[in-house]
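Undergrad: What follows is a single structure, and I will ask about it in a moment.
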Amino acid sequence: MPILRIKNGPHKGLEVDLKGENLVIGRDENPDGLQILDQGISRRHAEVFRIGEMFFIRDLGSRNGTFVNEEKITEELLRAGDEVKIGSTVCLFEDRRASERRTSARAAGDLADLEQISATTTIRLDLLGDDDDLASDPVQETQESRDLQVLYRVAKTIAAERDIKGLAKKVVKLAATAVEAAHGYMFIKHPDKGELTLAGSFERDGKAREQPVVSRAVIKRVLQFNRGVLSSDASTDDRFKDRGSVVMKGIRSVICAPLVAMDQICGVLYLSSSKVAEAFDAEDLELVTTIGIQAGMAVQGITLSLAQEKNYLELVGALVRAIEMRDPLSRGHSERVATYSSGIAQAMGLSRSRNRRVQLAALLHNIGMLFLTPEEAARTTADPDLDQKRIELACQLLDKTQGMTFLVPAVRHHRERFDGTGYPDGLKGEDIPLEARLISVANDFDVHVSQAAERGEDVPTKDVVGKLMQLGGTNYDPKILDALMTAHQEGWLYKPQERVKLG
């Protein structure tokens with residue numbers, strides 16, 4: 001029978017059977033619910049409900065949110081070992097059989113051993129022989145279950161992260177928490193120079209440190225032999241006891257595992273404790289080593305993706321420069337439009353991937369100029385037929401270029417108008433793709449600023465923004481104009497966070 005066990009607060013130790021179809025958790029008294037008198041909990045905070053043999057938790061619009069394994073959720077499937085946090089109260093979702101094993105252990109006088117096991121997350125990676133029987137070892141089953149949860153969370157983090165520093169920070173925290181380390185660090189190795197750079201850190205006491213508390217000797221040994229190192233007490237370990245860093249920094253128990261991908265070390269994961277009572281063991285090393293392999297593959301994947309993106313942008317940059325060589329007056333126009341588009345996208349709260357997509361489309365929105373004569377190119381702003389030709393040629397090129405087809409809708413429709421009077425298809429309102437509506441505003445903003453500069457006029461940027469605002473609802477989407485104003489006021493219009501660089 002699944003249960004919720006409260007881990008802290010005045011209700012600590014309370015176990016609630018999940019035998020009904022649903023259980024409402026909140027401050028209100030409810031005969032079929034769970035009342036928790038916690039000021040951070042709403043009157044009806046969350047609901048645990050059942051579908052078949054599976055249990056889910058759903059936030060009921062609470063003020064402070066519902067968290068599963070430290071991640072804010074709207075609705076989430078619960079698995080054995082998951083921690084649910086509402087307000088300041090933490091509950092553990094587990095199976096009744098695990099609770100019965102705890103009761104049996106207490107009766108046998110093994111409470112101390114049980115608490116030590118409960119506080120440690122480990123996994124056994126040794127192969128079982130014919131005579132091994134996991135069913136007869138309930139403690140081992142609990143350890144494996146909890147460590148599989150850790151590895152699942154690491155895998156989930158890896159799947160969601162596209163930034164090495166963001167990945168490092170989260171993985172270090174997961175690994176350090178799993179083995180109860182006081183300090184945790186992830187270092188990334190430079191592919192050419194071989195230098196290590198700190199990418200993410202974790203301090204159990206929450207205090208940031210100017211320098212990481214590490215032993216260089218331990219890290220060098222991992223890099224030299226390409227295998228993890230465990231030292232239960234580095235101060236008495238013959239390999240490191242004479243090292244000054246071990247003595248001066250009070251380093252005791254240490255685990256250092258390589259980040260490995262395709263037999264190459266791309267960094268190290270380093271965890272330590274300053275207390276002998278918190279010594280790591282071989283099972284901790286096995287878990288951290290497994291995390292290191294996962295993290296190493298993720299780091300390499302992100303690195304390759306960034307390299308691919310750099311090559312892609314170099315190609316885009318070459319195309320943009322080829323366009324602008326034909327018309328000196330438009331030099332820098334495409335890159336400025338891309339920068340403005342990114343700032344507006346940031347103000348609208350678009351995701352990083354969508355922001356990058358907008359920028360690429362903005363960089364290439366004028367690519368059709370390559371196929372026009374200089375005389376034709378100079379007349380596109382005044383001749384809608386020539387401008388439509390420019391757009392059609394751009395779309396034909398993008399559609400035939402592998403990996404660029406997804407940019408066609410934004411490029412094709414960036415001259416549409418919100419009231420339906422634009423071209424080439426006369427789309428209206430939100431029928432126009434969002435990326436195209438956004439580039440339309442960014443493009444015309446740059447045109448107004450550039451034309452004023454050509455006339456020798458010193459027109460304040462805010463006046464250009466105001467001029468476009470007057471045309472809102474006719475030419476432009478009012479929401480995007482509001483985002484333009486926000487981006488201008490916040491400075492994102494000129495220095496967006498996700499700006500692409502063409503080299």
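Following the order of the structure tokens, first chain is A, next is B, and so on, with residues numbered from 1 inside each chain and ligands from 1 in the order they appear.
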Please provide the set of residues having any atom within 10 Å of Asn226 (chain A), restricted to only C-alpha atoms, with same-chain residues fewer than 2 positions apart removed, written as number ranges by chain.

TA: A: 220-224, 228-229, 257-260, 263-265, 268

Undergrad: So that I can check the surroundings of Val90 (chain A), please list as a list of chain:residue names every protein, DNA and RNA residue that reaches within 9 Å of it, counting only C-alpha atoms and ignoring chain neighbours fewer than 2 positions away.

TA: A:Arg5, A:Ile6, A:Lys7, A:Asn8, A:Gly9, A:Glu83, A:Val84, A:Lys85, A:Ile86, A:Gly87, A:Ser88, A:Leu92

Undergrad: With a distance cut-off of 7 Å and only C-alpha atoms, select the neighbouring residues of region 187-200 of chain A, excluding the residue or stretch itself and same-chain residues fewer than 5 positions from it, and output the selection as a compact mmCIF listing (two decimals) with N, CA and C atoms, in the first residue's frame.

TA:
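File written: part_30.txt
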# COMPACT_ATOMS: atom_id res chain seq x y z
N LYS A 165 27.41 25.04 -17.90
CA LYS A 165 27.44 25.52 -16.52
C LYS A 165 26.14 25.19 -15.78
N ALA A 168 26.36 21.50 -15.01
CA ALA A 168 27.32 21.21 -13.95
C ALA A 168 26.75 21.55 -12.58
N LYS A 169 26.13 22.69 -12.46
CA LYS A 169 25.58 23.11 -11.17
C LYS A 169 24.55 22.12 -10.65
N VAL A 172 26.24 18.47 -9.91
CA VAL A 172 27.05 18.50 -8.69
C VAL A 172 26.16 18.46 -7.45
N CYS A 266 36.81 14.44 -20.19
CA CYS A 266 36.47 15.84 -20.49
C CYS A 266 36.30 16.65 -19.21
N GLY A 267 36.63 16.06 -18.05
CA GLY A 267 36.53 16.79 -16.79
C GLY A 267 36.52 15.83 -15.62
N VAL A 268 36.29 16.37 -14.42
CA VAL A 268 36.20 15.53 -13.22
C VAL A 268 35.07 16.03 -12.33
N LEU A 269 34.52 15.10 -11.57
CA LEU A 269 33.51 15.39 -10.55
C LEU A 269 34.16 15.12 -9.20

Undergrad: With only C-alpha atoms as the counted atoms, please give the residues lying no more than 12 Å from region 306-308 of chain A, apart from itself and same-chain residues fewer than 6 positions off, as a list of chain:residue names.

TA: A:Arg162, A:Asp163, A:Ile164, A:Val299, A:Gln300, A:Glu314, A:Leu315, A:Gly403, A:Val500

Undergrad: Generate the output file for the selected residues, N, CA and C atoms, as a PDB file, in the first residue's frame.

TA:
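See result01.pdb below for the written result:
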ATOM      1  N   ARG A 162      20.991  22.488 -21.908  1.00  0.00           N
ATOM      2  CA  ARG A 162      21.785  22.727 -23.115  1.00  0.00           C
ATOM      3  C   ARG A 162      22.940  23.678 -22.832  1.00  0.00           C
ATOM      4  N   ASP A 163      23.197  23.908 -21.554  1.00  0.00           N
ATOM      5  CA  ASP A 163      24.259  24.805 -21.136  1.00  0.00           C
ATOM      6  C   ASP A 163      25.163  24.061 -20.162  1.00  0.00           C
ATOM      7  N   ILE A 164      26.474  24.070 -20.405  1.00  0.00           N
ATOM      8  CA  ILE A 164      27.394  23.277 -19.596  1.00  0.00           C
ATOM      9  C   ILE A 164      27.393  23.735 -18.142  1.00  0.00           C
ATOM     10  N   VAL A 299      28.283  16.492 -21.412  1.00  0.00           N
ATOM     11  CA  VAL A 299      29.200  17.606 -21.697  1.00  0.00           C
ATOM     12  C   VAL A 299      29.711  17.516 -23.131  1.00  0.00           C
ATOM     13  N   GLN A 300      30.087  16.315 -23.548  1.00  0.00           N
ATOM     14  CA  GLN A 300      30.569  16.172 -24.919  1.00  0.00           C
ATOM     15  C   GLN A 300      29.464  16.495 -25.928  1.00  0.00           C
ATOM     16  N   GLU A 314      28.763  30.585 -38.890  1.00  0.00           N
ATOM     17  CA  GLU A 314      29.781  31.061 -39.819  1.00  0.00           C
ATOM     18  C   GLU A 314      29.253  31.015 -41.252  1.00  0.00           C
ATOM     19  N   LEU A 315      28.492  29.961 -41.588  1.00  0.00           N
ATOM     20  CA  LEU A 315      27.875  29.879 -42.909  1.00  0.00           C
ATOM     21  C   LEU A 315      26.866  31.007 -43.099  1.00  0.00           C
ATOM     22  N   GLY A 403      18.526  21.708 -43.338  1.00  0.00           N
ATOM     23  CA  GLY A 403      18.640  22.302 -42.014  1.00  0.00           C
ATOM     24  C   GLY A 403      18.124  23.719 -41.916  1.00  0.00           C
ATOM     25  N   VAL A 500      23.367  36.027 -31.070  1.00  0.00           N
ATOM     26  CA  VAL A 500      24.305  35.192 -31.841  1.00  0.00           C
ATOM     27  C   VAL A 500      25.439  36.067 -32.360  1.00  0.00           C
TER      28      VAL A 500
END

Undergrad: Which residue gives the smallest distance to Val254 (chain A) among A:Asp482, A:Glu375, A:Glu180, A:Glu210, with only C-alpha atoms counted?

TA: A:Glu180

Undergrad: I'd like to know which of A:Thr421, A:Thr89, A:Ser62, A:Thr74 is closest to His11 (chain A), using only C-alpha atoms.

TA: A:Thr89

Undergrad: Going by DSSP on the backbone, which bits of region 226-389 of chain A are alpha helix (DSSP H)? Write them as a PyMOL selection string, please.

TA: chain A and resi 244-248+282-326+333-347+352-364+374-378+384-389

Undergrad: Need the shell around region 55-57 of chain A: protein/DNA/RNA residues with any atom at most 6 Å away, counting only C-alpha atoms. Skip same-chain ones fewer than 2 positions apart. Format as a VMD selection string?

TA: chain A and resid 47 to 50 75 to 78

Undergrad: One number please: CA of Asp38 (chain A) to CA of Asp59 (chain A), in Å, one decimal.

TA: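 Between these atoms lies a distance of 16.2 Å.
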
Undergrad: Report, in Å to a single decimal, how far apart CA of Val408 (chain A) and CA of Cys395 (chain A) are.

TA: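 Interatomic distance here is 5.5 Å.
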
Undergrad: Which residues of region 261-357 of chain A have any atom within 12 Å of an atom in region 424-437 of chain A when counting only C-alpha atoms, and what is the closest pair of atoms for each, with the distance in Å to one decimal? Order the rows by chain and rising number and write it as a Markdown table.

TA:
| residue | atom | partner | partner_atom | distance |
| --- | --- | --- | --- | --- |
| A:Ala338 | CA | A:Glu435 | CA | 11.3 |
| A:Ser341 | CA | A:Glu435 | CA | 8.8 |
| A:Ser342 | CA | A:Glu435 | CA | 10.5 |
| A:Ile344 | CA | A:Glu435 | CA | 10.6 |
| A:Ala345 | CA | A:Glu435 | CA | 8.9 |
| A:Met348 | CA | A:Leu434 | CA | 10.9 |
| A:Leu350 | CA | A:Glu435 | CA | 10.4 |
| A:Arg354 | CA | A:Glu435 | CA | 8.6 |
| A:Asn355 | CA | A:Glu435 | CA | 9.0 |
| A:Arg356 | CA | A:Glu435 | CA | 10.6 |
| A:Arg357 | CA | A:Glu435 | CA | 8.2 |

Undergrad: Write out the residues from the selection above, keeping N, CA and C atoms, as a compact mmCIF listing (two decimals), in the first residue's frame.

TA:
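Contents of again-v8.txt, freshly written:
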# COMPACT_ATOMS: atom_id res chain seq x y z
N ALA A 338 18.59 41.12 -36.30
CA ALA A 338 18.67 39.90 -35.48
C ALA A 338 18.84 40.25 -34.00
N SER A 341 15.58 41.62 -32.73
CA SER A 341 14.61 40.52 -32.62
C SER A 341 14.85 39.71 -31.36
N SER A 342 16.13 39.47 -31.05
CA SER A 342 16.45 38.70 -29.84
C SER A 342 16.02 39.44 -28.58
N ILE A 344 13.60 41.66 -28.29
CA ILE A 344 12.13 41.62 -28.21
C ILE A 344 11.66 40.24 -27.76
N ALA A 345 12.29 39.18 -28.32
CA ALA A 345 11.93 37.81 -27.92
C ALA A 345 12.20 37.60 -26.44
N MET A 348 9.51 39.08 -24.44
CA MET A 348 8.28 38.29 -24.54
C MET A 348 8.38 36.97 -23.78
N LEU A 350 10.25 34.31 -24.62
CA LEU A 350 10.38 33.13 -25.47
C LEU A 350 11.54 32.27 -25.00
N ARG A 354 13.68 29.07 -29.22
CA ARG A 354 12.85 29.88 -30.11
C ARG A 354 13.49 31.24 -30.37
N ASN A 355 14.17 31.78 -29.36
CA ASN A 355 14.90 33.04 -29.53
C ASN A 355 15.96 32.88 -30.61
N ARG A 356 16.71 31.78 -30.57
CA ARG A 356 17.74 31.54 -31.57
C ARG A 356 17.13 31.38 -32.96
N ARG A 357 15.98 30.73 -33.03
CA ARG A 357 15.30 30.54 -34.31
C ARG A 357 14.90 31.89 -34.91

Undergrad: What are the DSSP strand (DSSP E) residues of region 10-43 of chain A, as a ChimeraX atom specification?

TA: /A:15-17,22-26,34-35

Undergrad: In Å, with one decimal, what is the gap from CA of Ser201 (chain A) to CA of Gly184 (chain A)?

TA: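 Result for CA of Ser201 (chain A) versus CA of Gly184 (chain A): 5.5 Å, one decimal.
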
Undergrad: As a short mmCIF file (atom, residue, chain, number, x, y, z; two decimals) with all heavy atoms, in the first residue's frame, please: the residues near Lys467 (chain A) (cut-off 12 Å, only C-alpha atoms, same-chain neighbours under 4 positions excluded).

TA:
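Result file follows (part_4.cif):
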data_model
loop_
_atom_site.label_atom_id
_atom_site.label_comp_id
_atom_site.auth_asym_id
_atom_site.auth_seq_id
_atom_site.Cartn_x
_atom_site.Cartn_y
_atom_site.Cartn_z
N VAL A 441 8.58 44.00 -36.86
CA VAL A 441 8.79 45.14 -35.97
C VAL A 441 10.28 45.50 -35.90
O VAL A 441 10.67 46.66 -36.01
CB VAL A 441 8.24 44.83 -34.56
CG1 VAL A 441 8.65 45.92 -33.57
CG2 VAL A 441 6.72 44.72 -34.61
N ASP A 444 11.50 47.12 -39.27
CA ASP A 444 11.06 48.50 -39.49
C ASP A 444 11.67 49.45 -38.47
O ASP A 444 11.92 50.63 -38.78
CB ASP A 444 9.53 48.57 -39.45
CG ASP A 444 8.90 47.91 -40.67
OD1 ASP A 444 9.66 47.38 -41.50
OD2 ASP A 444 7.66 47.90 -40.78
N PHE A 445 11.94 48.96 -37.27
CA PHE A 445 12.63 49.79 -36.28
C PHE A 445 14.01 50.18 -36.81
O PHE A 445 14.41 51.35 -36.75
CB PHE A 445 12.77 49.01 -34.97
CG PHE A 445 13.58 49.71 -33.91
CD1 PHE A 445 13.01 50.70 -33.12
CD2 PHE A 445 14.91 49.40 -33.72
CE1 PHE A 445 13.75 51.35 -32.15
CE2 PHE A 445 15.67 50.04 -32.75
CZ PHE A 445 15.08 51.02 -31.97
N HIS A 448 13.77 52.80 -39.76
CA HIS A 448 13.52 54.17 -39.31
C HIS A 448 14.79 54.80 -38.71
O HIS A 448 15.11 55.96 -39.00
CB HIS A 448 12.40 54.18 -38.27
CG HIS A 448 11.03 54.04 -38.86
ND1 HIS A 448 10.47 54.99 -39.67
CD2 HIS A 448 10.10 53.06 -38.74
CE1 HIS A 448 9.25 54.60 -40.04
NE2 HIS A 448 9.01 53.42 -39.49
N VAL A 449 15.51 54.04 -37.88
CA VAL A 449 16.73 54.57 -37.26
C VAL A 449 17.79 54.84 -38.32
O VAL A 449 18.44 55.90 -38.32
CB VAL A 449 17.27 53.56 -36.22
CG1 VAL A 449 18.65 54.01 -35.71
CG2 VAL A 449 16.31 53.44 -35.05
N VAL A 459 17.75 61.38 -34.16
CA VAL A 459 16.42 61.05 -33.63
C VAL A 459 16.58 60.11 -32.44
O VAL A 459 17.16 59.03 -32.58
CB VAL A 459 15.55 60.38 -34.71
CG1 VAL A 459 14.18 60.01 -34.15
CG2 VAL A 459 15.41 61.29 -35.92
N PRO A 460 16.07 60.49 -31.27
CA PRO A 460 16.17 59.59 -30.10
C PRO A 460 15.47 58.25 -30.37
O PRO A 460 14.43 58.21 -31.03
CB PRO A 460 15.46 60.36 -28.99
CG PRO A 460 15.51 61.78 -29.42
CD PRO A 460 15.43 61.76 -30.93
N THR A 461 16.06 57.19 -29.88
CA THR A 461 15.49 55.85 -30.11
C THR A 461 14.06 55.76 -29.59
O THR A 461 13.20 55.13 -30.22
CB THR A 461 16.36 54.79 -29.40
OG1 THR A 461 17.69 54.91 -29.87
CG2 THR A 461 15.85 53.40 -29.70
N LYS A 462 13.81 56.43 -28.46
CA LYS A 462 12.46 56.35 -27.89
C LYS A 462 11.42 56.95 -28.83
O LYS A 462 10.25 56.54 -28.84
CB LYS A 462 12.41 57.03 -26.53
CG LYS A 462 12.65 58.53 -26.56
CD LYS A 462 12.53 59.13 -25.16
CE LYS A 462 12.73 60.64 -25.20
NZ LYS A 462 12.60 61.25 -23.85
N ASP A 463 11.83 57.94 -29.66
CA ASP A 463 10.90 58.53 -30.62
C ASP A 463 10.55 57.54 -31.72
O ASP A 463 9.41 57.51 -32.21
CB ASP A 463 11.49 59.81 -31.22
CG ASP A 463 11.59 60.94 -30.21
OD1 ASP A 463 11.02 60.79 -29.11
OD2 ASP A 463 12.22 61.97 -30.52
N LEU A 471 1.44 52.99 -34.93
CA LEU A 471 0.93 52.13 -36.00
C LEU A 471 0.47 50.77 -35.48
O LEU A 471 0.12 49.90 -36.27
CB LEU A 471 2.02 51.93 -37.05
CG LEU A 471 2.50 53.20 -37.77
CD1 LEU A 471 3.70 52.89 -38.65
CD2 LEU A 471 1.37 53.80 -38.60
N GLY A 472 0.50 50.61 -34.17
CA GLY A 472 0.10 49.34 -33.57
C GLY A 472 -1.33 48.99 -33.91
O GLY A 472 -2.22 49.84 -33.92
N ASN A 475 -0.25 47.97 -38.59
CA ASN A 475 0.90 47.28 -39.19
C ASN A 475 1.45 46.17 -38.31
O ASN A 475 1.96 45.16 -38.82
CB ASN A 475 2.02 48.28 -39.46
CG ASN A 475 1.72 49.19 -40.64
OD1 ASN A 475 0.67 49.08 -41.26
ND2 ASN A 475 2.62 50.11 -40.92
N TYR A 476 1.38 46.35 -36.98
CA TYR A 476 2.10 45.47 -36.07
C TYR A 476 1.20 44.89 -34.98
O TYR A 476 0.17 45.47 -34.63
CB TYR A 476 3.26 46.22 -35.42
CG TYR A 476 4.07 47.05 -36.38
CD1 TYR A 476 4.02 48.45 -36.34
CD2 TYR A 476 4.87 46.44 -37.33
CE1 TYR A 476 4.77 49.22 -37.23
CE2 TYR A 476 5.62 47.20 -38.23
CZ TYR A 476 5.55 48.59 -38.18
OH TYR A 476 6.28 49.34 -39.07
N LEU A 481 4.80 45.19 -29.95
CA LEU A 481 5.20 46.58 -29.72
C LEU A 481 5.43 46.83 -28.23
O LEU A 481 6.35 47.56 -27.85
CB LEU A 481 4.14 47.53 -30.27
CG LEU A 481 4.03 47.60 -31.80
CD1 LEU A 481 2.87 48.50 -32.20
CD2 LEU A 481 5.33 48.12 -32.41
N LEU A 484 8.72 45.47 -27.52
CA LEU A 484 9.74 46.38 -28.04
C LEU A 484 10.03 47.48 -27.03
O LEU A 484 11.20 47.81 -26.75
CB LEU A 484 9.29 46.98 -29.37
CG LEU A 484 10.17 48.10 -29.94
CD1 LEU A 484 11.52 47.55 -30.39
CD2 LEU A 484 9.46 48.79 -31.12
N MET A 485 8.98 48.06 -26.47
CA MET A 485 9.15 49.13 -25.48
C MET A 485 9.87 48.59 -24.23
O MET A 485 10.79 49.23 -23.72
CB MET A 485 7.78 49.69 -25.10
CG MET A 485 7.84 50.79 -24.03
SD MET A 485 8.73 52.27 -24.59
CE MET A 485 7.46 53.00 -25.64
#

Undergrad: Which polymer residues have any atom within 10 Å of an atom of Tyr340 (chain A), counting only C-alpha atoms, with same-chain residues fewer than 2 positions away left out, as a count of residues only?

TA: 28

Undergrad: Which one of A:Ala347, A:Asn366, A:Phe418, A:Asp385 sits closest to Gly491 (chain A) if you count only C-alpha atoms?

TA: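 The closest residue to Gly491 (chain A) is A:Ala347.
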
Undergrad: Restricting the calculation to only C-alpha atoms: of A:Asp458, A:Asp82, A:Glu324, A:Asp419, which residue gets closest to Leu148 (chain A)?

TA: A:Asp82

Undergrad: Select, from A:Met297, A:Leu14, A:Ala394, A:Val358, the residue with the minimum atom-to-atom distance to Ala410 (chain A), counting only C-alpha atoms.

TA: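 For Ala410 (chain A), the nearest of the given residues is A:Val358.
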